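*Asks:* The structure follows.
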Amino acid sequence: AHRQALEQIQMGDLERIVLQFPRAFWPASVHYFGAVDVTPAMDFYNLAVVGAPATLACLTGGSHSRRLQQQPLAQAIEEPLAALRSAFGSAVPDPIASTRSTWWTDPYARGAYSVTRPGGTQAARAALARPLGPRLHMAGEATVSDYPATVHGALLSGQRAARRLLKTLEA
């Protein structure tokens, strides 16, 4: 059942490039904005609202994210910078620091989050969540139907697996 469920789920592609600037050039009250006039479109998250000064996280997915992950970081940041300069003007400064996720090329992650393949069902996630034995319980965002592809889905699934395991050990 677990193998059949895994055939219905694949890893999604996402690249997160984080850029710290010498100063914020975007409105401080904005938590999120998108650059839709560029191809492919990019999403930007203002990390200053959670304490990272003058920092934006750019997210982009699909084949674009895989292409960016193959590039050196100095080259990969050029596309988000071009999108920001298109939106805010040529006065956008160069970043003072940058990093990225490279989930697709990470040999342990091999992707950013789970997605249901075309023709797959949410029942596959429920099947993955079933214990493989009394002491082997599955967890991870791929095993939840309500919050797949999220950190909080992974957290909730870990709590679920821990509760099940503790219940098994008490019996």
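Please note that chains go A, B, ... in the order of the structure tokens, that every chain numbers its residues from 1, and that ligands are numbered from 1 in the order shown.
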Quick one: residues within 6 Å of segment 118-128 of chain A, only C-alpha atoms counted, chain neighbours fewer than 5 positions away excluded, as a list of chain:residue names?
*Replies:*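 Within the cut-off, the hits are A:His2, A:Ala5, A:Gln8, A:Thr143, A:Val144.
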*Asks:* Any chance you could list, as a count of residues only, the residues in chain A that come up strand (DSSP E) when DSSP is run on the backbone?
*Replies:* 35
*Asks:* Near Gly133 of chain A, within 12 Å and counting only C-alpha atoms, which residues show up once chain neighbours fewer than 6 positions away are dropped, as a list in words?
*Replies:* Ala161, Arg164, Leu165 and Thr168 of chain A
*Asks:* Please identify all polymer residues within 10 Å of Asn46 of chain A, counting only C-alpha atoms, omitting same-chain residues fewer than 6 positions from it, and present them as an MDAnalysis selection string.
*Replies:* chainID A and resid 18 24 26:33 52:58
*Asks:* Quick check for you: according to DSSP on this backbone, which residues of segment 54-110 of chain A are classed as helix (DSSP H, G or I)? Reply as a list in words.
*Replies:*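 Helix (DSSP H, G or I) assignments inside segment 54-110 of chain A correspond to Gly62, Ser63, His64, Ser65, Arg66, Arg67, Leu68, Gln69, Gln70, Leu73, Ala74, Gln75, Ala76, Glu78, Glu79, Pro80, Leu81, Ala82, Ala83, Leu84, Arg85, Ser86, Ala87 and Phe88 of chain A.
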*Asks:* Which residue is closest to Thr60 of chain A? Choose from A:Arg110, A:Arg117, A:Arg100, A:Arg3 and count only C-alpha atoms.
*Replies:*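 Looking at the shortest contact to Thr60 of chain A, the residue is A:Arg100.
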*Asks:* Quote the spacing between atom CA of Gln75 of chain A and atom CA of Trp104 of chain A in Å to one decimal place.
*Replies:*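 Going from atom CA of Gln75 of chain A over to atom CA of Trp104 of chain A, I get 17.4 Å.
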*Asks:* Would you work out the distance separating atom CA of Pro95 of chain A from atom CA of Ile77 of chain A, expressed in Å to one decimal?
*Replies:*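 We find that atom CA of Pro95 of chain A and atom CA of Ile77 of chain A lie 9.1 Å from each other.
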*Asks:* Take atom CA of Arg66 of chain A and atom CA of Tyr147 of chain A and report the distance between them in Å, one decimal.
*Replies:*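 Atom CA of Tyr147 of chain A lies 24.1 Å from atom CA of Arg66 of chain A.
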*Asks:* I'd like the neighbourhood of Gly12 of chain A as an NGL selection string, where a residue qualifies if any of its atoms comes within 8 Å (using only C-alpha atoms), though same-chain residues fewer than 2 positions away should be ignored.
*Replies:* :A and (10 or 14 or 62 or 111-115)
*Asks:* Could you tell me which of A:Leu166, A:Ser63, A:Ala109, A:Ala41 comes closest to Gly140 of chain A if we count only C-alpha atoms?
*Replies:*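 Looking only at the distances to Gly140 of chain A, the closest residue turns out to be A:Ala109.
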*Asks:* List the spatial neighbours of Ala97 of chain A as a ChimeraX atom specification - criterion: any atom at most 8 Å away, only C-alpha atoms, same-chain residues fewer than 6 positions off excluded.
*Replies:* /A:19-21
*Asks:* Within 12 Å of Ala82 of chain A, counting only C-alpha atoms, which residues qualify if same-chain residues fewer than 4 places away don't, as number ranges by chain?
*Replies:* A: 35, 37-42, 58, 75-78, 86-94
*Asks:* Closest to Ala162 of chain A among A:Ala129, A:Ile17, A:Ala139, A:Ala83, using only C-alpha atoms?
*Replies:*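 That would be A:Ala139, the residue with the smallest distance to Ala162 of chain A.
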*Asks:* With only C-alpha atoms as the atoms that count, which of A:Thr105, A:Ser65, A:Ser98, A:Ser157 lies nearest to Pro131 of chain A?
*Replies:*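 Of the candidates, the smallest distance to Pro131 of chain A is held by A:Ser157.
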